[in-house]
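Next comes coords_9.txt, a file with compact mmCIF, C-alpha atoms.
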# COMPACT_ATOMS: atom_id res chain seq x y z
CA MET A 1 -6.77 25.40 26.14
CA ASN A 2 -4.00 22.85 25.83
CA GLY A 3 -3.59 20.12 28.41
CA PRO A 4 -0.40 19.22 30.24
CA LYS A 5 2.50 17.98 28.15
CA GLY A 6 2.39 14.25 27.57
CA SER A 7 -1.31 13.92 28.47
CA THR A 8 -3.54 11.70 26.31
CA THR A 9 -7.16 12.05 25.38
CA SER A 10 -9.58 10.14 23.17
CA MET A 11 -8.36 12.31 20.27
CA SER A 12 -4.65 11.66 20.93
CA PRO A 13 -4.26 8.02 22.05
CA SER A 14 -1.09 6.82 23.64
CA THR A 15 1.39 4.50 21.97
CA ARG A 16 0.10 1.60 24.04
CA GLN A 17 -3.48 2.29 22.96
CA VAL A 18 -2.45 2.42 19.31
CA TRP A 19 -0.56 -0.86 19.66
CA SER A 20 -3.52 -2.58 21.33
CA ARG A 21 -5.73 -1.51 18.42
CA VAL A 22 -3.48 -2.58 15.56
CA ARG A 23 -1.73 -5.61 16.98
CA GLY A 24 -4.56 -7.95 16.00
CA LEU A 25 -4.51 -6.73 12.40
CA LEU A 26 -0.72 -6.98 12.24
CA LEU A 27 -0.86 -10.51 13.63
CA ALA A 28 -3.45 -11.53 11.04
CA VAL A 29 -1.36 -10.06 8.21
CA MET A 30 1.74 -11.81 9.52
CA LEU A 31 -0.08 -15.14 9.68
CA LEU A 32 -1.32 -14.71 6.11
CA VAL A 33 2.17 -13.91 4.86
CA VAL A 34 3.77 -16.80 6.73
CA GLY A 35 1.02 -19.18 5.62
CA GLY A 36 1.37 -18.10 1.99
CA ILE A 37 5.15 -18.57 2.07
CA ALA A 38 4.78 -21.98 3.72
CA MET A 39 2.17 -23.15 1.18
CA ALA A 40 4.27 -21.89 -1.71
CA ALA A 41 7.32 -23.69 -0.35
CA LEU A 42 5.42 -26.94 0.18
CA ARG A 43 3.72 -26.86 -3.21
CA SER A 44 6.64 -25.62 -5.24
CA GLY A 45 8.20 -29.07 -5.33
CA ASP A 46 4.99 -30.64 -6.60
CA HIS A 47 4.69 -28.38 -9.64
CA HIS A 48 8.36 -28.00 -10.51
CA GLY A 49 8.90 -29.64 -13.89
CA ARG A 50 5.34 -30.91 -14.16
CA LEU A 51 4.93 -33.02 -17.33
CA ASP A 52 8.46 -32.13 -18.40
CA PRO A 53 10.32 -35.09 -19.96
CA ARG A 54 13.57 -33.65 -18.58
CA SER A 55 12.34 -33.59 -14.97
CA ALA A 56 12.94 -36.41 -12.49
CA ASP A 57 10.49 -34.97 -9.93
CA GLN A 58 7.43 -36.98 -8.99
CA ASN A 59 5.22 -35.02 -11.40
CA GLY A 60 7.84 -34.93 -14.14
CA SER A 61 7.90 -37.29 -17.12
CA ARG A 62 11.56 -38.21 -17.49
CA ALA A 63 10.88 -41.91 -16.86
CA VAL A 64 8.56 -42.31 -19.84
CA ALA A 65 11.01 -40.36 -22.04
CA GLU A 66 13.82 -42.74 -21.07
CA LEU A 67 11.66 -45.79 -21.81
CA LEU A 68 10.77 -44.34 -25.20
CA LYS A 69 14.45 -43.69 -25.91
CA ASP A 70 15.24 -47.34 -25.22
CA ARG A 71 12.63 -48.26 -27.86
CA GLY A 72 14.13 -45.97 -30.49
CA VAL A 73 11.71 -43.07 -30.10
CA SER A 74 13.40 -39.69 -29.93
CA THR A 75 11.84 -37.00 -27.71
CA ARG A 76 12.26 -33.30 -28.44
CA VAL A 77 10.91 -30.56 -26.17
CA VAL A 78 9.56 -27.38 -27.79
CA THR A 79 7.97 -24.33 -26.18
CA THR A 80 6.75 -22.33 -29.17
CA LEU A 81 3.88 -22.89 -31.55
CA ALA A 82 6.12 -22.40 -34.57
CA ASP A 83 8.41 -25.27 -33.57
CA ALA A 84 5.46 -27.54 -32.73
CA THR A 85 3.67 -27.00 -36.03
CA ALA A 86 6.88 -27.22 -38.07
CA ALA A 87 7.60 -30.67 -36.60
CA ALA A 88 4.16 -32.10 -37.40
CA GLY A 89 4.32 -34.92 -39.92
CA VAL A 90 3.58 -38.54 -40.71
CA ASP A 91 6.41 -39.84 -38.50
CA THR A 92 5.71 -37.53 -35.56
CA THR A 93 3.58 -37.57 -32.43
CA VAL A 94 2.92 -34.06 -31.11
CA LEU A 95 2.01 -33.99 -27.43
CA VAL A 96 0.48 -30.78 -26.00
CA THR A 97 0.77 -30.62 -22.20
CA GLU A 98 -1.66 -27.72 -21.62
CA PRO A 99 -4.00 -27.13 -24.57
CA ASP A 100 -6.15 -24.66 -22.60
CA MET A 101 -3.12 -22.38 -22.26
CA LEU A 102 -3.10 -21.71 -26.00
CA THR A 103 -4.89 -18.63 -27.26
CA ALA A 104 -7.73 -18.96 -29.75
CA THR A 105 -5.45 -17.97 -32.62
CA GLN A 106 -2.78 -20.44 -31.52
CA GLN A 107 -5.35 -23.23 -31.37
CA GLU A 108 -6.57 -22.49 -34.88
CA ASP A 109 -3.01 -22.40 -36.25
CA PHE A 110 -2.11 -25.63 -34.47
CA ARG A 111 -5.23 -27.38 -35.72
CA SER A 112 -4.70 -26.31 -39.32
CA ALA A 113 -1.06 -27.49 -39.21
CA THR A 114 -1.66 -30.90 -37.64
CA ALA A 115 -5.13 -31.92 -38.87
CA SER A 116 -3.91 -33.39 -42.16
CA ALA A 117 -0.24 -33.96 -41.33
CA GLY A 118 -0.78 -37.70 -41.00
CA GLY A 119 0.79 -37.99 -37.55
CA ARG A 120 -0.64 -38.32 -34.08
CA THR A 121 -1.71 -35.42 -31.87
CA LEU A 122 -2.01 -36.14 -28.15
CA LEU A 123 -3.86 -33.52 -26.07
CA ILE A 124 -3.45 -33.71 -22.28
CA ALA A 125 -6.69 -32.85 -20.43
CA PRO A 126 -8.12 -30.35 -22.93
CA GLY A 127 -10.99 -28.41 -21.35
CA PHE A 128 -13.75 -26.07 -22.44
CA ALA A 129 -11.21 -23.49 -23.64
CA SER A 130 -9.66 -25.73 -26.28
CA VAL A 131 -11.85 -28.76 -27.13
CA GLY A 132 -14.11 -26.81 -29.47
CA THR A 133 -11.16 -25.83 -31.70
CA LEU A 134 -8.67 -28.69 -31.33
CA ALA A 135 -11.28 -31.46 -31.36
CA PRO A 136 -14.50 -30.02 -32.83
CA ASP A 137 -16.21 -33.44 -32.95
CA VAL A 138 -15.91 -33.88 -29.17
CA ASP A 139 -18.05 -32.48 -26.38
CA ILE A 140 -16.65 -32.06 -22.89
CA GLU A 141 -18.59 -33.32 -19.90
CA THR A 142 -18.19 -33.06 -16.12
CA ARG A 143 -14.89 -33.97 -14.50
CA THR A 144 -14.31 -37.04 -12.35
CA GLU A 145 -11.58 -38.18 -10.00
CA VAL A 146 -8.58 -40.09 -11.30
CA SER A 147 -8.61 -43.77 -10.33
CA GLN A 148 -7.85 -47.21 -11.71
CA ARG A 149 -10.24 -47.90 -14.59
CA SER A 150 -10.71 -50.66 -17.15
CA PRO A 151 -10.40 -49.98 -20.89
CA GLY A 152 -14.01 -50.67 -21.87
CA CYS A 153 -13.19 -50.29 -25.58
CA ASP A 154 -11.62 -52.11 -28.53
CA LEU A 155 -8.60 -49.81 -28.95
CA PRO A 156 -5.60 -52.22 -29.22
CA ALA A 157 -3.36 -50.01 -27.08
CA ALA A 158 -5.94 -49.95 -24.28
CA GLN A 159 -6.61 -53.68 -24.55
CA ARG A 160 -2.91 -54.51 -24.22
CA ALA A 161 -2.39 -52.05 -21.33
CA GLY A 162 -5.41 -53.13 -19.34
CA SER A 163 -6.45 -51.04 -16.35
CA ALA A 164 -4.77 -47.65 -15.89
CA ASP A 165 -5.06 -44.46 -13.83
CA LEU A 166 -7.51 -42.43 -15.89
CA GLY A 167 -10.22 -39.91 -15.14
CA GLY A 168 -10.16 -36.13 -14.95
CA GLU A 169 -11.88 -34.63 -17.97
CA ARG A 170 -14.61 -36.74 -19.56
CA TYR A 171 -15.76 -36.48 -23.15
CA SER A 172 -18.47 -37.63 -25.54
CA THR A 173 -18.35 -37.96 -29.32
CA GLU A 174 -20.35 -39.37 -32.20
CA ALA A 175 -17.51 -39.16 -34.72
CA PRO A 176 -17.33 -42.25 -36.96
CA GLY A 177 -14.53 -44.66 -36.10
CA ALA A 178 -13.81 -43.00 -32.73
CA ASP A 179 -12.58 -45.06 -29.79
CA SER A 180 -13.99 -44.15 -26.35
CA CYS A 181 -12.03 -45.79 -23.53
CA TYR A 182 -11.72 -45.88 -19.75
CA PRO A 183 -15.28 -44.74 -19.05
CA SER A 184 -16.66 -43.37 -15.80
CA ASP A 185 -20.46 -43.52 -15.58
CA GLY A 186 -20.54 -44.16 -19.29
CA LEU A 187 -18.37 -41.17 -20.26
CA PRO A 188 -14.84 -41.91 -21.52
CA SER A 189 -11.69 -40.20 -20.27
CA LEU A 190 -9.66 -41.28 -23.34
CA VAL A 191 -10.92 -40.63 -26.85
CA ARG A 192 -9.14 -41.38 -30.12
CA LEU A 193 -10.36 -39.73 -33.34
CA ASP A 194 -9.38 -40.59 -36.90
CA ALA A 195 -7.71 -37.86 -38.94
CA PRO A 196 -6.84 -37.56 -42.67
CA ASN A 197 -3.79 -39.35 -44.09
CA ASP A 198 -3.92 -42.13 -41.48
CA GLY A 199 -3.36 -39.68 -38.65
CA ASP A 200 -5.32 -39.44 -35.42
CA THR A 201 -5.99 -37.25 -32.40
CA VAL A 202 -6.01 -38.59 -28.85
CA LEU A 203 -7.63 -36.78 -25.92
CA LEU A 204 -6.34 -37.89 -22.53
CA GLY A 205 -8.53 -36.75 -19.63
CA ALA A 206 -5.73 -36.73 -17.03
CA PRO A 207 -1.91 -36.77 -17.25
CA ASP A 208 -1.34 -39.19 -14.37
CA ILE A 209 -0.11 -42.09 -16.50
CA LEU A 210 2.83 -39.88 -17.59
CA TYR A 211 4.02 -38.92 -14.08
CA ASN A 212 7.24 -40.47 -12.82
CA ASP A 213 5.66 -41.67 -9.57
CA ARG A 214 2.63 -43.24 -11.32
CA LEU A 215 4.29 -44.85 -14.30
CA ASP A 216 4.92 -48.19 -12.58
CA LYS A 217 1.32 -48.64 -11.41
CA HIS A 218 -1.20 -50.87 -13.18
CA GLY A 219 -0.96 -50.54 -16.97
CA ASN A 220 0.14 -46.89 -16.97
CA ALA A 221 3.56 -47.51 -18.53
CA SER A 222 2.17 -49.74 -21.27
CA LEU A 223 -0.56 -47.29 -22.21
CA ALA A 224 1.83 -44.32 -22.16
CA LEU A 225 4.43 -46.04 -24.32
CA GLN A 226 1.86 -47.15 -26.89
CA LEU A 227 0.22 -43.72 -27.13
CA LEU A 228 3.53 -41.87 -27.38
CA GLY A 229 5.60 -44.45 -29.26
CA SER A 230 3.45 -45.10 -32.30
CA ARG A 231 5.76 -42.84 -34.38
CA PRO A 232 9.57 -42.68 -34.35
CA GLU A 233 9.65 -39.05 -33.23
CA LEU A 234 7.88 -37.43 -30.27
CA VAL A 235 7.57 -33.64 -30.07
CA TRP A 236 6.76 -32.64 -26.49
CA TYR A 237 5.09 -29.23 -26.73
CA ILE A 238 5.03 -27.26 -23.45
CA PRO A 239 3.16 -23.99 -24.15
CA SER A 240 4.87 -20.88 -22.81
CA LEU A 241 3.76 -17.33 -22.14
CA ASP A 242 6.99 -16.19 -23.77
CA ASP A 243 5.86 -17.58 -27.12
CA PRO A 244 5.66 -14.63 -29.57
CA SER A 245 2.56 -16.17 -31.16
CA ALA A 246 0.72 -15.82 -27.83
CA ALA A 247 1.48 -12.10 -27.52
CA ASN A 248 1.22 -11.09 -31.16
CA PRO A 249 -1.15 -13.41 -33.06
CA ALA A 250 -0.91 -12.97 -36.81
CA ASP A 251 -3.93 -12.10 -38.89
CA GLY A 252 -5.87 -14.70 -40.82
CA ASP A 253 -4.15 -14.36 -44.21
CA GLY A 254 -0.63 -14.57 -42.73
CA ASP A 255 0.67 -11.47 -44.62
CA ASP A 256 1.73 -9.75 -41.40
CA GLN A 257 3.25 -12.79 -39.78
CA GLY A 258 6.75 -11.42 -40.02
CA SER A 259 5.94 -7.80 -39.22
CA GLY A 260 4.29 -8.50 -35.89
CA GLU A 261 1.20 -6.45 -36.78
CA THR A 262 -2.16 -7.56 -35.41
CA ASP A 263 -5.75 -7.17 -36.53
CA GLY A 264 -6.58 -4.92 -33.56
CA GLU A 265 -5.00 -3.17 -30.64
CA ASP A 266 -4.75 -5.05 -27.37
CA THR A 267 -6.78 -3.63 -24.53
CA PHE A 268 -5.43 -3.10 -21.03
CA PHE A 269 -7.15 -6.27 -19.78
CA ASP A 270 -5.64 -8.31 -22.62
CA LEU A 271 -2.18 -7.46 -21.32
CA ILE A 272 -2.89 -8.61 -17.75
CA PRO A 273 -2.08 -12.29 -17.03
CA GLY A 274 -5.07 -14.39 -16.01
CA GLY A 275 -3.63 -15.14 -12.56
CA TRP A 276 -3.91 -11.51 -11.53
CA LEU A 277 -7.71 -11.72 -11.68
CA TRP A 278 -7.81 -14.40 -8.97
CA GLY A 279 -5.17 -12.56 -6.95
CA THR A 280 -7.22 -9.35 -7.04
CA LEU A 281 -10.36 -11.25 -6.05
CA GLN A 282 -8.57 -12.79 -3.06
CA LEU A 283 -7.29 -9.38 -1.97
CA LEU A 284 -10.82 -7.97 -2.25
CA VAL A 285 -12.24 -10.76 -0.08
CA ALA A 286 -9.45 -10.22 2.46
CA ALA A 287 -10.16 -6.48 2.53
CA VAL A 288 -13.89 -7.07 3.13
CA LEU A 289 -13.16 -9.51 5.95
CA ALA A 290 -10.72 -7.05 7.52
CA ALA A 291 -13.31 -4.25 7.29
CA VAL A 292 -15.98 -6.43 8.92
CA TRP A 293 -13.54 -7.43 11.64
CA ARG A 294 -12.43 -3.87 12.40
CA ALA A 295 -16.02 -2.53 12.27
CA ARG A 296 -16.97 -4.29 15.49
CA ARG A 297 -17.47 -2.25 18.65
CA LEU A 298 -14.28 -1.85 20.64
CA GLY A 299 -16.09 -2.04 23.99
CA PRO A 300 -18.79 -0.42 26.13
CA LEU A 301 -19.25 3.33 26.10
CA VAL A 302 -17.26 5.16 28.77
CA THR A 303 -18.62 8.30 30.39
CA GLU A 304 -16.22 11.21 30.39
CA GLN A 305 -16.41 14.21 32.66
CA LEU A 306 -17.08 17.37 30.69
CA PRO A 307 -14.57 20.18 31.09
CA VAL A 308 -17.34 22.76 31.76
CA ALA A 309 -20.85 22.66 33.19
CA ILE A 310 -23.65 22.95 30.63
CA ARG A 311 -27.03 24.31 31.64
CA ALA A 312 -30.00 22.05 31.20
CA SER A 313 -31.74 24.63 29.05
CA GLU A 314 -28.87 24.60 26.57
CA THR A 315 -29.00 20.83 26.35
CA THR A 316 -32.77 20.95 25.77
CA GLU A 317 -32.45 23.61 23.11
CA GLY A 318 -29.68 21.68 21.38
CA ARG A 319 -31.73 18.50 21.29
CA ALA A 320 -34.75 20.46 20.06
CA ARG A 321 -32.72 21.91 17.20
CA LEU A 322 -31.56 18.42 16.24
CA TYR A 323 -35.16 17.15 16.24
CA ARG A 324 -36.23 20.10 14.12
CA LYS A 325 -33.34 19.62 11.68
CA VAL A 326 -34.43 16.08 10.86
CA ASN A 327 -38.18 16.75 11.21
CA ALA A 328 -38.39 14.26 14.10
CA ARG A 329 -41.76 15.50 15.36
CA ASP A 330 -42.69 12.00 16.49
CA ARG A 331 -39.61 11.78 18.73
CA ALA A 332 -40.18 15.29 20.09
CA ALA A 333 -43.87 14.63 20.82
CA ALA A 334 -43.05 11.30 22.47
CA SER A 335 -40.45 13.01 24.65
CA LEU A 336 -42.90 15.77 25.71
CA ARG A 337 -45.68 13.30 26.54
CA SER A 338 -43.35 10.97 28.44
CA ALA A 339 -42.00 13.85 30.55
CA THR A 340 -45.54 15.07 31.32
CA ARG A 341 -46.71 11.59 32.36
CA THR A 342 -43.63 11.17 34.56
CA ARG A 343 -44.41 14.44 36.40
CA LEU A 344 -48.16 13.79 36.69
CA ALA A 345 -47.96 10.26 38.09
CA PRO A 346 -46.59 11.20 41.57
CA LEU A 347 -49.15 14.01 41.88
CA LEU A 348 -52.01 11.59 41.22
CA GLY A 349 -50.75 8.71 43.35
CA VAL A 350 -49.93 6.46 40.39
CA SER A 351 -47.01 4.08 40.94
CA ALA A 352 -43.82 4.39 38.88
CA ALA A 353 -44.54 1.03 37.21
CA ASP A 354 -47.89 2.35 35.89
CA THR A 355 -46.68 5.80 34.89
CA HIS A 356 -46.93 5.09 31.16
CA SER A 357 -49.95 2.78 31.33
CA PRO A 358 -53.14 4.38 29.91
CA GLU A 359 -55.36 2.06 32.01
CA ALA A 360 -53.83 3.36 35.25
CA LEU A 361 -52.98 6.97 34.46
CA LEU A 362 -56.03 8.19 32.53
CA PRO A 363 -58.65 7.37 35.22
CA ALA A 364 -56.50 9.12 37.83
CA VAL A 365 -56.28 12.27 35.71
CA SER A 366 -60.01 12.20 34.89
CA ALA A 367 -60.85 12.04 38.60
CA HIS A 368 -59.13 15.40 39.17
CA LEU A 369 -60.20 17.22 36.01
CA PRO A 370 -63.45 17.68 34.13
CA HIS A 371 -61.90 16.67 30.80
CA GLY A 372 -63.24 13.58 29.04
CA GLU A 373 -61.05 10.49 29.07
CA HIS A 374 -60.99 10.45 25.27
CA ASP A 375 -59.44 13.93 25.11
CA LEU A 376 -56.89 12.94 27.76
CA ARG A 377 -55.93 9.77 25.85
CA GLU A 378 -55.37 11.76 22.69
CA LEU A 379 -53.35 14.34 24.61
CA LEU A 380 -51.14 11.95 26.63
CA PHE A 381 -50.97 8.90 24.33
CA GLY A 382 -52.09 10.19 20.90
CA ALA A 383 -50.53 10.11 17.45
CA PRO A 384 -47.57 12.28 16.46
CA PRO A 385 -48.44 15.82 15.30
CA ALA A 386 -48.64 16.40 11.57
CA ASP A 387 -46.65 19.65 11.48
CA ASP A 388 -44.66 22.06 13.64
CA THR A 389 -47.75 24.11 14.52
CA ALA A 390 -49.48 21.03 15.89
CA LEU A 391 -46.34 20.17 17.88
CA VAL A 392 -46.26 23.61 19.50
CA ARG A 393 -50.00 23.34 20.27
CA LEU A 394 -49.39 19.92 21.87
CA ALA A 395 -46.65 21.37 24.09
CA ASP A 396 -48.96 24.18 25.22
CA GLN A 397 -51.80 21.74 25.97
CA LEU A 398 -49.51 19.49 28.02
CA ASP A 399 -48.29 22.49 30.04
CA ALA A 400 -51.91 23.60 30.67
CA LEU A 401 -52.89 20.08 31.74
CA GLU A 402 -50.02 19.85 34.20
CA ARG A 403 -50.93 23.26 35.72
CA GLU A 404 -54.54 22.20 36.16
CA VAL A 405 -53.53 19.01 37.94
CA ARG A 406 -51.22 20.89 40.28
CA THR A 407 -53.87 23.48 41.17
CA SER A 408 -56.79 21.03 41.53

Translate this file's structure into structure tokens.
Amino acid sequence: MNGPKGSTTSMSPSTRQVWSRVRGLLLAVMLLVVGGIAMAALRSGDHHGRLDPRSADQNGSRAVAELLKDRGVSTRVVTTLADATAAAGVDTTVLVTEPDMLTATQQEDFRSATASAGGRTLLIAPGFASVGTLAPDVDIETRTEVSQRSPGCDLPAAQRAGSADLGGERYSTEAPGADSCYPSDGLPSLVRLDAPNDGDTVLLGAPDILYNDRLDKHGNASLALQLLGSRPELVWYIPSLDDPSAANPADGDGDDQGSGETDGEDTFFDLIPGGWLWGTLQLLVAAVLAAVWRARRLGPLVTEQLPVAIRASETTEGRARLYRKVNARDRAAASLRSATRTRLAPLLGVSAADTHSPEALLPAVSAHLPHGEHDLRELLFGAPPADDTALVRLADQLDALEREVRTS
């Protein structure tokens, strides 16, 4: 039977009830969106043009490029591996801003092209993903904070520059002729390795000495100019995801380099950018937190008047069927015994507080009946029945006991 038009029940909540339930979730989502936009806006300026010699932002590197230009060193920015390797030579310094961004194949190609070129290779903060290939004689250690540090080595460029803002990645090496400078707890954050044909490779643990806003501090400018200006040409390699060599690495013999064929087919996960993994993880954490938040109880239970009267016998039978369905003989037996004790206590003069106390109830029952106290304890406070037959027998025994008490 349908209710009056416009009426609401627990199954059809009103608009106000729906709003009160979802407004908290909507507010939380709105705060997350606004917070994300605000953080992106605040941080976008910090990362715009980072380590770009054309950028005048605080984390750009235009200042050092201008100083190098005044000293006759030309700076050329490249974004592809092909351009970077083609420029490698005796008169060239190749700087790689993000070595870890290169794929394994790109690292191998870069290493093979620059190892014996006779120039200088400068790697900015290479980590676990690239050190093993680009600098196989170097082991990477734990990171440290960037701060003013003393050279602590005999490298002429470091001795002339003096203290500088170094730190970040720390390395260790046993390569002969290597220079280990600007140590923190004995581990250097600048390492120079000899290479064939009078070339060398420099690992810089942090890029801070190249930033526009840090160049005028301590010996940063001197160290940067000496590391980058040892050759007349500087190739500033900024790895890009648009580089064809990153998407379609050629096979080892180079026969398919022009055709774009690869050794194997890319899987679905190979085609997903790495940032999506962290984004998905954040969304998963947010979903779990939202589920935990919404799983809380909305408030105390509210009694609701039933539309029709239900007989007590129907309620009892319904509960009995539920007990039987789940084999809850222990709950059924406990309910039968509790009800019997509750009815017997007033007949025997036992107070309500002692109704379910064996020490008070059993002596009172024994005084009216010839049964032994042990049999009464088992009957009124015993273990749950083992099967349905024992449960029925227990119910009959409790009924007989109650009749005897009433007639005694």

Between CA of Leu394 (chain A) and CA of Ala333 (chain A), what distance in Å does the model show, to one decimal?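 Calculated distance between CA of Leu394 (chain A) and CA of Ala333 (chain A) is 7.7 Å.
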
Within 9 Å of region 51-60 of chain A, counting only C-alpha atoms, which residues qualify if same-chain residues fewer than 5 places away don't, as a ChimeraX atom specification? /A:45-46,65-66,75-77,97,207-208,210-214,236,238

What lies within 7 Å of Gly199 (chain A) using all atoms listed in the file, ignoring chain neighbours under 4 positions off, as a list in words?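 Those residues are Gly118, Gly119, Arg120, Asp194 and Ala195 of chain A.
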
Pull C-alpha atoms from the residues just selected and write them as a PDB file, in the frame of the given file.
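Final output, part-v9.pdb:
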ATOM      1  CA  GLY A 118      -0.780 -37.700 -41.000  1.00  0.00           C
ATOM      2  CA  GLY A 119       0.790 -37.990 -37.550  1.00  0.00           C
ATOM      3  CA  ARG A 120      -0.640 -38.320 -34.080  1.00  0.00           C
ATOM      4  CA  ASP A 194      -9.380 -40.590 -36.900  1.00  0.00           C
ATOM      5  CA  ALA A 195      -7.710 -37.860 -38.940  1.00  0.00           C
TER       6      ALA A 195
END

Neighbours of point (-16.0, -29.6, -23.7) within 12 Å, using all atoms listed in the file, written as a short mmCIF file (atom, residue, chain, number, x, y, z; two decimals) with C-alpha atoms, keeping the file's coordinate frame:
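See result.cif below for the written result:
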data_model
loop_
_atom_site.label_atom_id
_atom_site.label_comp_id
_atom_site.auth_asym_id
_atom_site.auth_seq_id
_atom_site.Cartn_x
_atom_site.Cartn_y
_atom_site.Cartn_z
CA ASP A 100 -6.15 -24.66 -22.60
CA ALA A 125 -6.69 -32.85 -20.43
CA PRO A 126 -8.12 -30.35 -22.93
CA GLY A 127 -10.99 -28.41 -21.35
CA PHE A 128 -13.75 -26.07 -22.44
CA ALA A 129 -11.21 -23.49 -23.64
CA SER A 130 -9.66 -25.73 -26.28
CA VAL A 131 -11.85 -28.76 -27.13
CA GLY A 132 -14.11 -26.81 -29.47
CA THR A 133 -11.16 -25.83 -31.70
CA LEU A 134 -8.67 -28.69 -31.33
CA ALA A 135 -11.28 -31.46 -31.36
CA PRO A 136 -14.50 -30.02 -32.83
CA ASP A 137 -16.21 -33.44 -32.95
CA VAL A 138 -15.91 -33.88 -29.17
CA ASP A 139 -18.05 -32.48 -26.38
CA ILE A 140 -16.65 -32.06 -22.89
CA GLU A 141 -18.59 -33.32 -19.90
CA THR A 142 -18.19 -33.06 -16.12
CA ARG A 143 -14.89 -33.97 -14.50
CA GLU A 169 -11.88 -34.63 -17.97
CA ARG A 170 -14.61 -36.74 -19.56
CA TYR A 171 -15.76 -36.48 -23.15
CA SER A 172 -18.47 -37.63 -25.54
CA THR A 173 -18.35 -37.96 -29.32
CA SER A 189 -11.69 -40.20 -20.27
CA LEU A 203 -7.63 -36.78 -25.92
CA GLY A 205 -8.53 -36.75 -19.63
#

Smallest atom-to-atom distance to Ser112 (chain A): which of A:Asp185, A:Thr85, A:Asp91, A:Pro232, using all atoms listed in the file?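 Among A:Asp185, A:Thr85, A:Asp91, A:Pro232, it is A:Thr85 that comes nearest to Ser112 (chain A).
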
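Of the residues under consideration (A:Glu98, A:Lys69, A:Leu187, A:Asp388), A:Glu98 shows the shortest atom-to-atom contact distance to Arg50 (chain A) when counting all atoms listed in the file.
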
What does the distance from CA of Glu378 (chain A) to CA of Leu347 (chain A) come to in Å, to one decimal?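 Here the two named atoms are 20.3 Å from each other.
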
For Asp243 (chain A): contacts at 7 Å, only C-alpha atoms, fewer than 3 positions along chain excluded, given as a PDB file with C-alpha atoms, in the coordinates of the input:
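Final file, around21.pdb:
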ATOM      1  CA  THR A  80       6.750 -22.330 -29.170  1.00  0.00           C
ATOM      2  CA  SER A 240       4.870 -20.880 -22.810  1.00  0.00           C
ATOM      3  CA  ALA A 246       0.720 -15.820 -27.830  1.00  0.00           C
TER       4      ALA A 246
END

One-decimal distance in Å that lies between CA of Arg331 (chain A) and CA of His356 (chain A): 15.9 Å

Which residue, A:Thr355, A:Gln282, A:Ser245, A:Ser408, has the smallest gap to Glu108 (chain A) when you use all atoms listed in the file?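 Nearest to Glu108 (chain A): A:Ser245.
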
Reconstructed N, CA and C atoms for region 112-123 of chain A, given as a PDB file, in the coordinates of the input:
ATOM      1  N   SER A 112      -4.865 -26.322 -37.862  1.00  0.00           N
ATOM      2  CA  SER A 112      -4.700 -26.310 -39.320  1.00  0.00           C
ATOM      3  C   SER A 112      -3.389 -26.978 -39.732  1.00  0.00           C
ATOM      4  N   ALA A 113      -2.355 -26.912 -38.862  1.00  0.00           N
ATOM      5  CA  ALA A 113      -1.060 -27.490 -39.210  1.00  0.00           C
ATOM      6  C   ALA A 113      -0.997 -28.984 -38.968  1.00  0.00           C
ATOM      7  N   THR A 114      -1.773 -29.486 -38.006  1.00  0.00           N
ATOM      8  CA  THR A 114      -1.660 -30.900 -37.640  1.00  0.00           C
ATOM      9  C   THR A 114      -2.824 -31.754 -38.130  1.00  0.00           C
ATOM     10  N   ALA A 115      -3.931 -31.147 -38.532  1.00  0.00           N
ATOM     11  CA  ALA A 115      -5.130 -31.920 -38.870  1.00  0.00           C
ATOM     12  C   ALA A 115      -4.879 -32.917 -39.988  1.00  0.00           C
ATOM     13  N   SER A 116      -4.142 -32.510 -41.008  1.00  0.00           N
ATOM     14  CA  SER A 116      -3.910 -33.390 -42.160  1.00  0.00           C
ATOM     15  C   SER A 116      -2.445 -33.775 -42.315  1.00  0.00           C
ATOM     16  N   ALA A 117      -1.672 -33.648 -41.241  1.00  0.00           N
ATOM     17  CA  ALA A 117      -0.240 -33.960 -41.330  1.00  0.00           C
ATOM     18  C   ALA A 117       0.023 -35.449 -41.368  1.00  0.00           C
ATOM     19  N   GLY A 118      -0.945 -36.256 -40.958  1.00  0.00           N
ATOM     20  CA  GLY A 118      -0.780 -37.700 -41.000  1.00  0.00           C
ATOM     21  C   GLY A 118      -0.141 -38.289 -39.775  1.00  0.00           C
ATOM     22  N   GLY A 119       0.203 -37.481 -38.783  1.00  0.00           N
ATOM     23  CA  GLY A 119       0.790 -37.990 -37.550  1.00  0.00           C
ATOM     24  C   GLY A 119      -0.253 -38.110 -36.459  1.00  0.00           C
ATOM     25  N   ARG A 120       0.248 -38.238 -35.239  1.00  0.00           N
ATOM     26  CA  ARG A 120      -0.640 -38.320 -34.080  1.00  0.00           C
ATOM     27  C   ARG A 120      -0.527 -37.054 -33.250  1.00  0.00           C
ATOM     28  N   THR A 121      -1.661 -36.555 -32.792  1.00  0.00           N
ATOM     29  CA  THR A 121      -1.710 -35.420 -31.870  1.00  0.00           C
ATOM     30  C   THR A 121      -2.290 -35.909 -30.559  1.00  0.00           C
ATOM     31  N   LEU A 122      -1.560 -35.712 -29.471  1.00  0.00           N
ATOM     32  CA  LEU A 122      -2.010 -36.140 -28.150  1.00  0.00           C
ATOM     33  C   LEU A 122      -2.243 -34.907 -27.283  1.00  0.00           C
ATOM     34  N   LEU A 123      -3.486 -34.679 -26.871  1.00  0.00           N
ATOM     35  CA  LEU A 123      -3.860 -33.520 -26.070  1.00  0.00           C
ATOM     36  C   LEU A 123      -4.070 -33.973 -24.627  1.00  0.00           C
TER      37      LEU A 123
END
